[in-house]
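Peer 1: As input, take start19.cif (mmCIF, N, CA and C atoms):
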```cif
data_protein
#
loop_
_atom_site.label_atom_id
_atom_site.label_comp_id
_atom_site.auth_asym_id
_atom_site.auth_seq_id
_atom_site.Cartn_x
_atom_site.Cartn_y
_atom_site.Cartn_z
N LYS E 1 0.85 -1.18 0.00
CA LYS E 1 0.00 0.00 0.00
C LYS E 1 0.89 1.23 0.00
N PRO E 2 0.46 2.19 -0.76
CA PRO E 2 1.26 3.40 -0.77
C PRO E 2 0.99 4.24 0.47
N LEU E 3 1.96 5.01 0.89
CA LEU E 3 1.80 5.88 2.05
C LEU E 3 0.85 7.01 1.69
N THR E 4 -0.10 7.25 2.61
CA THR E 4 -1.05 8.35 2.37
C THR E 4 -0.80 9.43 3.41
N MET E 5 -1.25 10.56 3.09
CA MET E 5 -1.09 11.69 4.01
C MET E 5 -1.92 11.43 5.26
N ALA E 6 -1.35 11.70 6.40
CA ALA E 6 -2.06 11.52 7.68
C ALA E 6 -3.16 12.57 7.76
N LYS E 7 -4.30 12.18 8.36
CA LYS E 7 -5.40 13.12 8.52
C LYS E 7 -5.02 14.20 9.52
N ALA E 8 -5.56 15.40 9.30
CA ALA E 8 -5.25 16.52 10.20
C ALA E 8 -5.85 16.23 11.57
N LYS E 9 -5.05 16.41 12.60
CA LYS E 9 -5.48 16.15 13.97
C LYS E 9 -6.28 17.35 14.46
N LYS E 10 -7.43 17.10 15.10
CA LYS E 10 -8.26 18.18 15.64
C LYS E 10 -7.81 18.49 17.05
N VAL E 11 -7.44 19.71 17.29
CA VAL E 11 -6.99 20.14 18.62
C VAL E 11 -7.94 21.22 19.10
N SER E 12 -8.47 21.04 20.33
CA SER E 12 -9.38 22.06 20.85
C SER E 12 -8.56 23.25 21.35
N THR E 13 -9.06 24.43 21.04
CA THR E 13 -8.35 25.63 21.47
C THR E 13 -8.75 26.03 22.89
N LYS E 14 -9.88 25.48 23.39
CA LYS E 14 -10.34 25.81 24.74
C LYS E 14 -9.63 24.92 25.75
N LYS E 15 -9.07 25.52 26.76
CA LYS E 15 -8.34 24.77 27.77
C LYS E 15 -9.34 24.14 28.75
N GLU E 16 -9.12 22.90 29.07
CA GLU E 16 -10.00 22.19 29.99
C GLU E 16 -9.80 22.71 31.41
N ALA E 17 -10.88 22.70 32.18
CA ALA E 17 -10.81 23.17 33.56
C ALA E 17 -10.01 22.19 34.42
N ARG E 18 -9.20 22.73 35.29
CA ARG E 18 -8.42 21.87 36.19
C ARG E 18 -9.19 21.51 37.46
N PHE E 19 -10.21 22.34 37.79
CA PHE E 19 -10.96 22.12 39.03
C PHE E 19 -12.34 21.56 38.69
N TYR E 20 -12.67 20.46 39.31
CA TYR E 20 -14.00 19.89 39.16
C TYR E 20 -14.62 19.82 40.55
N PRO E 21 -15.80 20.45 40.75
CA PRO E 21 -16.40 20.41 42.09
C PRO E 21 -16.79 18.98 42.46
N THR E 22 -16.61 18.66 43.74
CA THR E 22 -16.92 17.30 44.20
C THR E 22 -18.43 17.09 44.28
N GLU E 23 -19.17 18.15 44.58
CA GLU E 23 -20.62 18.05 44.64
C GLU E 23 -21.20 19.14 43.76
N LYS E 24 -22.39 18.87 43.24
CA LYS E 24 -23.05 19.86 42.41
C LYS E 24 -23.54 21.00 43.29
N SER E 25 -23.21 22.22 42.93
CA SER E 25 -23.68 23.36 43.73
C SER E 25 -25.08 23.73 43.28
N GLN E 26 -25.90 24.10 44.25
CA GLN E 26 -27.29 24.44 43.94
C GLN E 26 -27.38 25.89 43.50
N LYS E 27 -28.31 26.15 42.58
CA LYS E 27 -28.53 27.52 42.14
C LYS E 27 -29.29 28.26 43.22
N ARG E 28 -28.99 29.53 43.37
CA ARG E 28 -29.71 30.33 44.36
C ARG E 28 -31.12 30.61 43.88
N LEU E 29 -32.05 30.62 44.81
CA LEU E 29 -33.43 30.91 44.48
C LEU E 29 -33.65 32.42 44.44
N HIS E 30 -34.66 32.82 43.69
CA HIS E 30 -35.01 34.24 43.66
C HIS E 30 -35.68 34.60 44.97
N ARG E 31 -35.23 35.65 45.60
CA ARG E 31 -35.78 36.07 46.89
C ARG E 31 -36.56 37.38 46.76
N ASN E 32 -37.14 37.58 45.59
CA ASN E 32 -37.85 38.84 45.35
C ASN E 32 -39.28 38.81 45.88
N ALA E 33 -39.83 37.64 46.08
CA ALA E 33 -41.23 37.53 46.47
C ALA E 33 -41.43 38.02 47.90
N LYS E 34 -42.49 38.77 48.10
CA LYS E 34 -42.83 39.25 49.44
C LYS E 34 -43.80 38.26 50.07
N PRO E 35 -43.67 38.02 51.38
CA PRO E 35 -44.59 37.07 52.01
C PRO E 35 -46.03 37.58 51.98
N LYS E 36 -46.93 36.67 51.67
CA LYS E 36 -48.34 37.05 51.59
C LYS E 36 -48.98 36.86 52.94
N ILE E 37 -49.91 37.75 53.27
CA ILE E 37 -50.60 37.68 54.55
C ILE E 37 -51.78 36.73 54.39
N GLY E 38 -51.80 35.72 55.24
CA GLY E 38 -52.86 34.72 55.15
C GLY E 38 -54.18 35.25 55.66
N LYS E 39 -55.22 34.51 55.36
CA LYS E 39 -56.56 34.89 55.81
C LYS E 39 -56.76 34.39 57.23
N THR E 40 -57.54 35.13 57.99
CA THR E 40 -57.88 34.70 59.35
C THR E 40 -58.87 33.54 59.26
N ARG E 41 -58.67 32.55 60.10
CA ARG E 41 -59.54 31.38 60.12
C ARG E 41 -61.01 31.78 60.29
N ALA E 42 -61.91 31.04 59.68
CA ALA E 42 -63.33 31.36 59.75
C ALA E 42 -63.88 31.26 61.17
N SER E 43 -63.28 30.40 61.98
CA SER E 43 -63.77 30.22 63.36
C SER E 43 -63.35 31.37 64.27
N ILE E 44 -62.46 32.23 63.79
CA ILE E 44 -61.99 33.36 64.60
C ILE E 44 -62.68 34.63 64.13
N THR E 45 -63.62 35.11 64.94
CA THR E 45 -64.32 36.38 64.64
C THR E 45 -64.19 37.28 65.85
N GLU E 46 -64.53 38.55 65.70
CA GLU E 46 -64.38 39.51 66.80
C GLU E 46 -65.16 39.04 68.02
N GLY E 47 -64.48 39.00 69.16
CA GLY E 47 -65.12 38.58 70.40
C GLY E 47 -64.97 37.10 70.69
N THR E 48 -64.36 36.34 69.80
CA THR E 48 -64.17 34.90 70.04
C THR E 48 -63.15 34.69 71.14
N VAL E 49 -63.45 33.76 72.03
CA VAL E 49 -62.50 33.40 73.08
C VAL E 49 -61.54 32.37 72.50
N LEU E 50 -60.25 32.67 72.60
CA LEU E 50 -59.21 31.78 72.08
C LEU E 50 -58.39 31.23 73.24
N VAL E 51 -57.75 30.11 73.03
CA VAL E 51 -56.83 29.55 74.02
C VAL E 51 -55.44 29.63 73.41
N LEU E 52 -54.51 30.26 74.15
CA LEU E 52 -53.13 30.36 73.67
C LEU E 52 -52.44 29.02 73.85
N LEU E 53 -51.74 28.56 72.81
CA LEU E 53 -51.15 27.23 72.84
C LEU E 53 -49.66 27.22 73.16
N SER E 54 -49.01 28.38 73.09
CA SER E 54 -47.57 28.39 73.38
C SER E 54 -47.19 29.74 73.96
N GLY E 55 -45.96 29.81 74.45
CA GLY E 55 -45.47 31.06 75.00
C GLY E 55 -45.71 31.16 76.49
N ARG E 56 -45.44 32.34 77.00
CA ARG E 56 -45.55 32.58 78.44
C ARG E 56 -46.96 32.37 78.96
N PHE E 57 -47.96 32.71 78.13
CA PHE E 57 -49.35 32.65 78.59
C PHE E 57 -50.08 31.41 78.06
N ARG E 58 -49.35 30.31 77.77
CA ARG E 58 -50.01 29.14 77.18
C ARG E 58 -51.05 28.59 78.15
N GLY E 59 -52.18 28.19 77.59
CA GLY E 59 -53.29 27.68 78.39
C GLY E 59 -54.25 28.76 78.82
N LYS E 60 -53.87 30.02 78.64
CA LYS E 60 -54.76 31.13 79.05
C LYS E 60 -55.79 31.39 77.97
N ARG E 61 -56.97 31.77 78.42
CA ARG E 61 -58.03 32.16 77.49
C ARG E 61 -57.94 33.66 77.25
N VAL E 62 -58.05 34.05 75.99
CA VAL E 62 -57.98 35.46 75.62
C VAL E 62 -59.13 35.78 74.68
N VAL E 63 -59.39 37.07 74.51
CA VAL E 63 -60.46 37.53 73.62
C VAL E 63 -59.82 38.11 72.36
N TYR E 64 -60.30 37.66 71.20
CA TYR E 64 -59.81 38.16 69.92
C TYR E 64 -60.46 39.51 69.63
N LEU E 65 -59.63 40.51 69.29
CA LEU E 65 -60.15 41.83 69.00
C LEU E 65 -60.20 42.10 67.50
N ARG E 66 -59.08 41.91 66.80
CA ARG E 66 -59.06 42.09 65.35
C ARG E 66 -57.74 41.58 64.78
N THR E 67 -57.65 41.55 63.45
CA THR E 67 -56.43 41.14 62.77
C THR E 67 -55.66 42.39 62.36
N LEU E 68 -54.37 42.40 62.66
CA LEU E 68 -53.50 43.53 62.31
C LEU E 68 -53.06 43.41 60.85
N PRO E 69 -52.56 44.50 60.25
CA PRO E 69 -52.14 44.45 58.84
C PRO E 69 -51.07 43.40 58.55
N SER E 70 -50.29 43.02 59.55
CA SER E 70 -49.24 42.02 59.34
C SER E 70 -49.80 40.60 59.28
N GLY E 71 -51.08 40.43 59.62
CA GLY E 71 -51.68 39.11 59.63
C GLY E 71 -51.76 38.49 61.01
N LEU E 72 -51.15 39.16 62.00
CA LEU E 72 -51.20 38.65 63.38
C LEU E 72 -52.53 39.04 64.03
N LEU E 73 -52.92 38.27 65.03
CA LEU E 73 -54.18 38.53 65.74
C LEU E 73 -53.90 39.43 66.93
N LEU E 74 -54.77 40.40 67.16
CA LEU E 74 -54.68 41.26 68.34
C LEU E 74 -55.61 40.67 69.39
N VAL E 75 -55.04 40.27 70.53
CA VAL E 75 -55.83 39.63 71.58
C VAL E 75 -55.53 40.31 72.91
N THR E 76 -56.46 40.13 73.86
CA THR E 76 -56.26 40.63 75.22
C THR E 76 -56.89 39.67 76.19
N GLY E 77 -56.47 39.74 77.45
CA GLY E 77 -56.90 38.82 78.49
C GLY E 77 -58.37 38.94 78.88
N PRO E 78 -58.89 40.03 79.26
CA PRO E 78 -58.30 41.32 79.61
C PRO E 78 -57.32 41.20 80.79
N PHE E 79 -56.38 42.12 80.82
CA PHE E 79 -55.29 42.08 81.79
C PHE E 79 -55.80 42.03 83.22
N LYS E 80 -56.87 42.77 83.54
CA LYS E 80 -57.39 42.78 84.92
C LYS E 80 -57.96 41.43 85.33
N LEU E 81 -58.45 40.66 84.38
CA LEU E 81 -59.04 39.37 84.72
C LEU E 81 -58.01 38.26 84.87
N ASN E 82 -57.14 38.09 83.86
CA ASN E 82 -56.23 36.95 83.92
C ASN E 82 -54.77 37.31 83.66
N GLY E 83 -54.45 38.58 83.58
CA GLY E 83 -53.05 39.00 83.48
C GLY E 83 -52.45 38.95 82.09
N VAL E 84 -53.26 38.65 81.07
CA VAL E 84 -52.73 38.63 79.70
C VAL E 84 -52.90 40.02 79.11
N PRO E 85 -51.80 40.69 78.74
CA PRO E 85 -51.90 42.04 78.20
C PRO E 85 -52.37 42.03 76.75
N LEU E 86 -52.54 43.22 76.20
CA LEU E 86 -52.84 43.37 74.79
C LEU E 86 -51.63 42.88 74.02
N LYS E 87 -51.80 41.85 73.19
CA LYS E 87 -50.63 41.30 72.51
C LYS E 87 -50.98 40.77 71.13
N ARG E 88 -49.92 40.58 70.31
CA ARG E 88 -50.08 40.02 68.97
C ARG E 88 -49.77 38.53 69.03
N VAL E 89 -50.57 37.74 68.31
CA VAL E 89 -50.37 36.29 68.30
C VAL E 89 -50.60 35.78 66.88
N ASP E 90 -49.77 34.84 66.45
CA ASP E 90 -50.01 34.18 65.17
C ASP E 90 -51.15 33.19 65.35
N GLN E 91 -52.03 33.09 64.34
CA GLN E 91 -53.20 32.23 64.51
C GLN E 91 -52.85 30.74 64.57
N ALA E 92 -51.62 30.40 64.21
CA ALA E 92 -51.20 28.99 64.33
C ALA E 92 -51.04 28.60 65.79
N TYR E 93 -50.89 29.58 66.67
CA TYR E 93 -50.64 29.30 68.09
C TYR E 93 -51.86 29.55 68.97
N VAL E 94 -53.06 29.54 68.38
CA VAL E 94 -54.28 29.68 69.17
C VAL E 94 -55.28 28.61 68.76
N ALA E 95 -56.14 28.26 69.69
CA ALA E 95 -57.25 27.36 69.41
C ALA E 95 -58.53 28.14 69.69
N ALA E 96 -59.42 28.18 68.72
CA ALA E 96 -60.67 28.92 68.88
C ALA E 96 -61.67 28.07 69.65
N THR E 97 -62.40 28.72 70.53
CA THR E 97 -63.48 28.04 71.26
C THR E 97 -64.80 28.51 70.67
N GLY E 98 -65.86 27.89 71.08
CA GLY E 98 -67.18 28.27 70.59
C GLY E 98 -67.76 29.47 71.32
N THR E 99 -67.08 29.92 72.37
CA THR E 99 -67.59 31.04 73.17
C THR E 99 -67.30 32.35 72.48
N LYS E 100 -68.30 33.21 72.39
CA LYS E 100 -68.13 34.52 71.79
C LYS E 100 -68.65 35.59 72.75
N LEU E 101 -67.93 36.71 72.82
CA LEU E 101 -68.35 37.84 73.65
C LEU E 101 -68.77 38.99 72.75
N ASP E 102 -69.71 39.79 73.23
CA ASP E 102 -70.14 40.96 72.45
C ASP E 102 -69.19 42.11 72.75
N ILE E 103 -68.34 42.45 71.79
CA ILE E 103 -67.39 43.55 72.00
C ILE E 103 -67.71 44.74 71.09
N SER E 104 -68.94 44.79 70.59
CA SER E 104 -69.31 45.87 69.67
C SER E 104 -69.34 47.23 70.36
N LYS E 105 -69.61 47.25 71.68
CA LYS E 105 -69.68 48.53 72.40
C LYS E 105 -68.32 49.02 72.87
N ILE E 106 -67.30 48.19 72.75
CA ILE E 106 -65.97 48.56 73.22
C ILE E 106 -65.29 49.44 72.18
N GLN E 107 -64.78 50.59 72.64
CA GLN E 107 -64.06 51.50 71.75
C GLN E 107 -62.57 51.16 71.81
N LEU E 108 -62.02 50.68 70.70
CA LEU E 108 -60.60 50.34 70.64
C LEU E 108 -59.83 51.48 70.00
N PRO E 109 -58.71 51.88 70.59
CA PRO E 109 -57.88 52.88 69.91
C PRO E 109 -57.23 52.26 68.68
N GLU E 110 -56.76 53.10 67.77
CA GLU E 110 -56.08 52.60 66.57
C GLU E 110 -54.76 51.96 66.99
N ILE E 111 -54.67 50.68 66.86
CA ILE E 111 -53.46 49.94 67.24
C ILE E 111 -52.92 49.28 65.98
N SER E 112 -51.61 49.49 65.73
CA SER E 112 -50.98 48.88 64.57
C SER E 112 -49.75 48.09 65.03
N ASP E 113 -49.06 47.49 64.07
CA ASP E 113 -47.86 46.72 64.40
C ASP E 113 -46.74 47.61 64.92
N LYS E 114 -46.75 48.88 64.54
CA LYS E 114 -45.70 49.81 64.99
C LYS E 114 -45.74 50.01 66.50
N ASP E 115 -46.92 49.89 67.08
CA ASP E 115 -47.06 50.09 68.53
C ASP E 115 -46.36 48.99 69.33
N PHE E 116 -46.07 47.85 68.71
CA PHE E 116 -45.45 46.75 69.42
C PHE E 116 -43.95 46.69 69.22
N LYS E 117 -43.39 47.58 68.40
CA LYS E 117 -41.94 47.58 68.18
C LYS E 117 -41.22 48.19 69.37
N LYS E 118 -40.02 47.68 69.61
CA LYS E 118 -39.23 48.21 70.71
C LYS E 118 -38.70 49.58 70.32
N PRO E 119 -38.69 50.53 71.27
CA PRO E 119 -38.17 51.86 70.95
C PRO E 119 -36.66 51.81 70.75
N LYS E 120 -36.15 52.62 69.81
CA LYS E 120 -34.71 52.68 69.59
C LYS E 120 -34.06 53.41 70.74
N ASN E 121 -32.89 52.94 71.15
CA ASN E 121 -32.18 53.57 72.26
C ASN E 121 -31.66 54.94 71.82
N ALA E 122 -31.91 55.95 72.64
CA ALA E 122 -31.43 57.29 72.34
C ALA E 122 -29.93 57.34 72.63
N ALA E 123 -29.14 57.53 71.58
CA ALA E 123 -27.69 57.52 71.76
C ALA E 123 -27.12 58.92 71.80
#
```
Go ahead and express the file in the form of structure tokens.
Peer 2:
Amino acid sequence: KPLTMAKAKKVSTKKEARFYPTEKSQKRLHRNAKPKIGKTRASITEGTVLVLLSGRFRGKRVVYLRTLPSGLLLVTGPFKLNGVPLKRVDQAYVAATGTKLDISKIQLPEISDKDFKKPKNAA
């Protein structure tokens, strides 16, 4: 057989990476979404007696006043009766009872989530 010209060798111009990760790294998730405020349970209406399930006042019965813009429930003991102050509670940590009180005649001041924030220290 006669000698033939050798075929041109293909050489990649891109250099191969020297580092290969041992585990696949996960892509970061988009964190642009704002948390949505859930709806208040149907069993929780103004004047409903709730039982606190956790925290310092667990086991205490409180009266539901209204839902704050953050989605937390505004409840009170009242403080004079059982020592539970006006406080915010997540509805996951309360159990609604069938007892309801008429609180339509009670005048509540405008209370928002800002009222529960700790004051900044005056430096």
Peer 1: Written as a PDB file with N, CA and C atoms, keeping the file's coordinate frame, what is the full residue list that the PyMOL selection byres ((chain E and resi 62) around 6.5) yields on the file shown?
Peer 2:
```
ATOM      1  N   THR E  48     -64.360  36.340  69.800  1.00  0.00           N
ATOM      2  CA  THR E  48     -64.170  34.900  70.040  1.00  0.00           C
ATOM      3  C   THR E  48     -63.150  34.690  71.140  1.00  0.00           C
ATOM      4  N   VAL E  49     -63.450  33.760  72.030  1.00  0.00           N
ATOM      5  CA  VAL E  49     -62.500  33.400  73.080  1.00  0.00           C
ATOM      6  C   VAL E  49     -61.540  32.370  72.500  1.00  0.00           C
ATOM      7  N   LEU E  50     -60.250  32.670  72.600  1.00  0.00           N
ATOM      8  CA  LEU E  50     -59.210  31.780  72.080  1.00  0.00           C
ATOM      9  C   LEU E  50     -58.390  31.230  73.240  1.00  0.00           C
ATOM     10  N   VAL E  51     -57.750  30.110  73.030  1.00  0.00           N
ATOM     11  CA  VAL E  51     -56.830  29.550  74.020  1.00  0.00           C
ATOM     12  C   VAL E  51     -55.440  29.630  73.410  1.00  0.00           C
ATOM     13  N   LEU E  52     -54.510  30.260  74.150  1.00  0.00           N
ATOM     14  CA  LEU E  52     -53.130  30.360  73.670  1.00  0.00           C
ATOM     15  C   LEU E  52     -52.440  29.020  73.850  1.00  0.00           C
ATOM     16  N   LYS E  60     -53.870  30.020  78.640  1.00  0.00           N
ATOM     17  CA  LYS E  60     -54.760  31.130  79.050  1.00  0.00           C
ATOM     18  C   LYS E  60     -55.790  31.390  77.970  1.00  0.00           C
ATOM     19  N   ARG E  61     -56.970  31.770  78.420  1.00  0.00           N
ATOM     20  CA  ARG E  61     -58.030  32.160  77.490  1.00  0.00           C
ATOM     21  C   ARG E  61     -57.940  33.660  77.250  1.00  0.00           C
ATOM     22  N   VAL E  63     -59.390  37.070  74.510  1.00  0.00           N
ATOM     23  CA  VAL E  63     -60.460  37.530  73.620  1.00  0.00           C
ATOM     24  C   VAL E  63     -59.820  38.110  72.360  1.00  0.00           C
ATOM     25  N   TYR E  64     -60.300  37.660  71.200  1.00  0.00           N
ATOM     26  CA  TYR E  64     -59.810  38.160  69.920  1.00  0.00           C
ATOM     27  C   TYR E  64     -60.460  39.510  69.630  1.00  0.00           C
ATOM     28  N   VAL E  75     -55.040  40.270  70.530  1.00  0.00           N
ATOM     29  CA  VAL E  75     -55.830  39.630  71.580  1.00  0.00           C
ATOM     30  C   VAL E  75     -55.530  40.310  72.910  1.00  0.00           C
ATOM     31  N   THR E  76     -56.460  40.130  73.860  1.00  0.00           N
ATOM     32  CA  THR E  76     -56.260  40.630  75.220  1.00  0.00           C
ATOM     33  C   THR E  76     -56.890  39.670  76.190  1.00  0.00           C
ATOM     34  N   GLY E  77     -56.470  39.740  77.450  1.00  0.00           N
ATOM     35  CA  GLY E  77     -56.900  38.820  78.490  1.00  0.00           C
ATOM     36  C   GLY E  77     -58.370  38.940  78.880  1.00  0.00           C
ATOM     37  N   PRO E  78     -58.890  40.030  79.260  1.00  0.00           N
ATOM     38  CA  PRO E  78     -58.300  41.320  79.610  1.00  0.00           C
ATOM     39  C   PRO E  78     -57.320  41.200  80.790  1.00  0.00           C
TER      40      PRO E  78
END
```
Peer 1: Could you expand the PyMOL selection byres ((chain E and resi 88) around 6.5) into the explicit residues it covers here, written as a PyMOL selection string?
Peer 2: chain E and resi 72-75+86-87+89-90
Peer 1: Once the PyMOL selection byres ((chain E and resi 94) around 5) has been evaluated on this model, what residues remain selected, and can you format them as a ChimeraX atom specification?
Peer 2: /E:51-53,91-93,95-96
Peer 1: If you measure from atom N of Arg66 in chain E to atom C of Pro119 in chain E, what distance in Å do you get, rounded to one decimal?
Peer 2: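 Taking atom N of Arg66 in chain E and atom C of Pro119 in chain E, their separation equals 24.8 Å.
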Peer 1: I'd like the interatomic distance between CA of Glu110 in chain E and CA of Thr45 in chain E, to a tenth of an Å.
Peer 2: 18.3 Å
Peer 1: Per DSSP on the backbone, filter chain E down to the residues in strand (DSSP E or B) and report them as a PyMOL selection string.
Peer 2: chain E and resi 48-52+61-67+73-76+87-89+94-100
Peer 1: Grab the atom N of Lys39 in chain E to atom N of Phe116 in chain E distance for me, in Å with one decimal place.
Peer 2: 21.0 Å
Peer 1: Output, as JSON, the centre and edge lengths in Å (one decimal) of the axis-aligned box that contains all listed atoms of range 89-93 of chain E with 3 Å of margin on each side.
Peer 2:
```
{"center_x": -51.5, "center_y": 33.2, "center_z": 66.6, "size_x": 9.4, "size_y": 15.1, "size_z": 10.8}
```
Peer 1: Between E:Ala17, E:Ile37, E:Ala8, E:Ile106, which is the closest to Leu68 in chain E once you count only C-alpha atoms?
Peer 2: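 So, comparing all the options, the nearest one is E:Ile37.
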Peer 1: Output as a list in words all residues of chain E that backbone DSSP marks as alpha helix (DSSP H).
Peer 2: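 Taking chain E and keeping alpha helix (DSSP H) gives Phe79, Lys80, Leu81 and Asn82 of chain E.
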Peer 1: Leaving out Glu46 in chain E and any residue of its chain fewer than 4 positions from it, which residues lie within 8 Å of it when counting all atoms listed in the file, given as a list in words?
Peer 2: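 What passes the distance filter is Val63, Tyr64, Leu65, Arg66, Thr67, Lys100, Leu101, Asp102, Ile103 and Ser104 of chain E.
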Peer 1: Using all atoms listed in the file, determine which residues lie at most 8 Å from Ser70 in chain E, disregarding the query and same-chain residues fewer than 4 positions distant; provide the list as a list in words.
Peer 2: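 The residues satisfying every condition are Lys36, Ile37, Gly38, Ser112 and Asp113 of chain E.
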Peer 1: Got time to write the residues from that selection, N, CA and C atoms, as a short mmCIF file (atom, residue, chain, number, x, y, z; two decimals), in the coordinates of the input?
Peer 2:
```
data_model
loop_
_atom_site.label_atom_id
_atom_site.label_comp_id
_atom_site.auth_asym_id
_atom_site.auth_seq_id
_atom_site.Cartn_x
_atom_site.Cartn_y
_atom_site.Cartn_z
N LYS E 36 -46.93 36.67 51.67
CA LYS E 36 -48.34 37.05 51.59
C LYS E 36 -48.98 36.86 52.94
N ILE E 37 -49.91 37.75 53.27
CA ILE E 37 -50.60 37.68 54.55
C ILE E 37 -51.78 36.73 54.39
N GLY E 38 -51.80 35.72 55.24
CA GLY E 38 -52.86 34.72 55.15
C GLY E 38 -54.18 35.25 55.66
N SER E 112 -51.61 49.49 65.73
CA SER E 112 -50.98 48.88 64.57
C SER E 112 -49.75 48.09 65.03
N ASP E 113 -49.06 47.49 64.07
CA ASP E 113 -47.86 46.72 64.40
C ASP E 113 -46.74 47.61 64.92
#
```
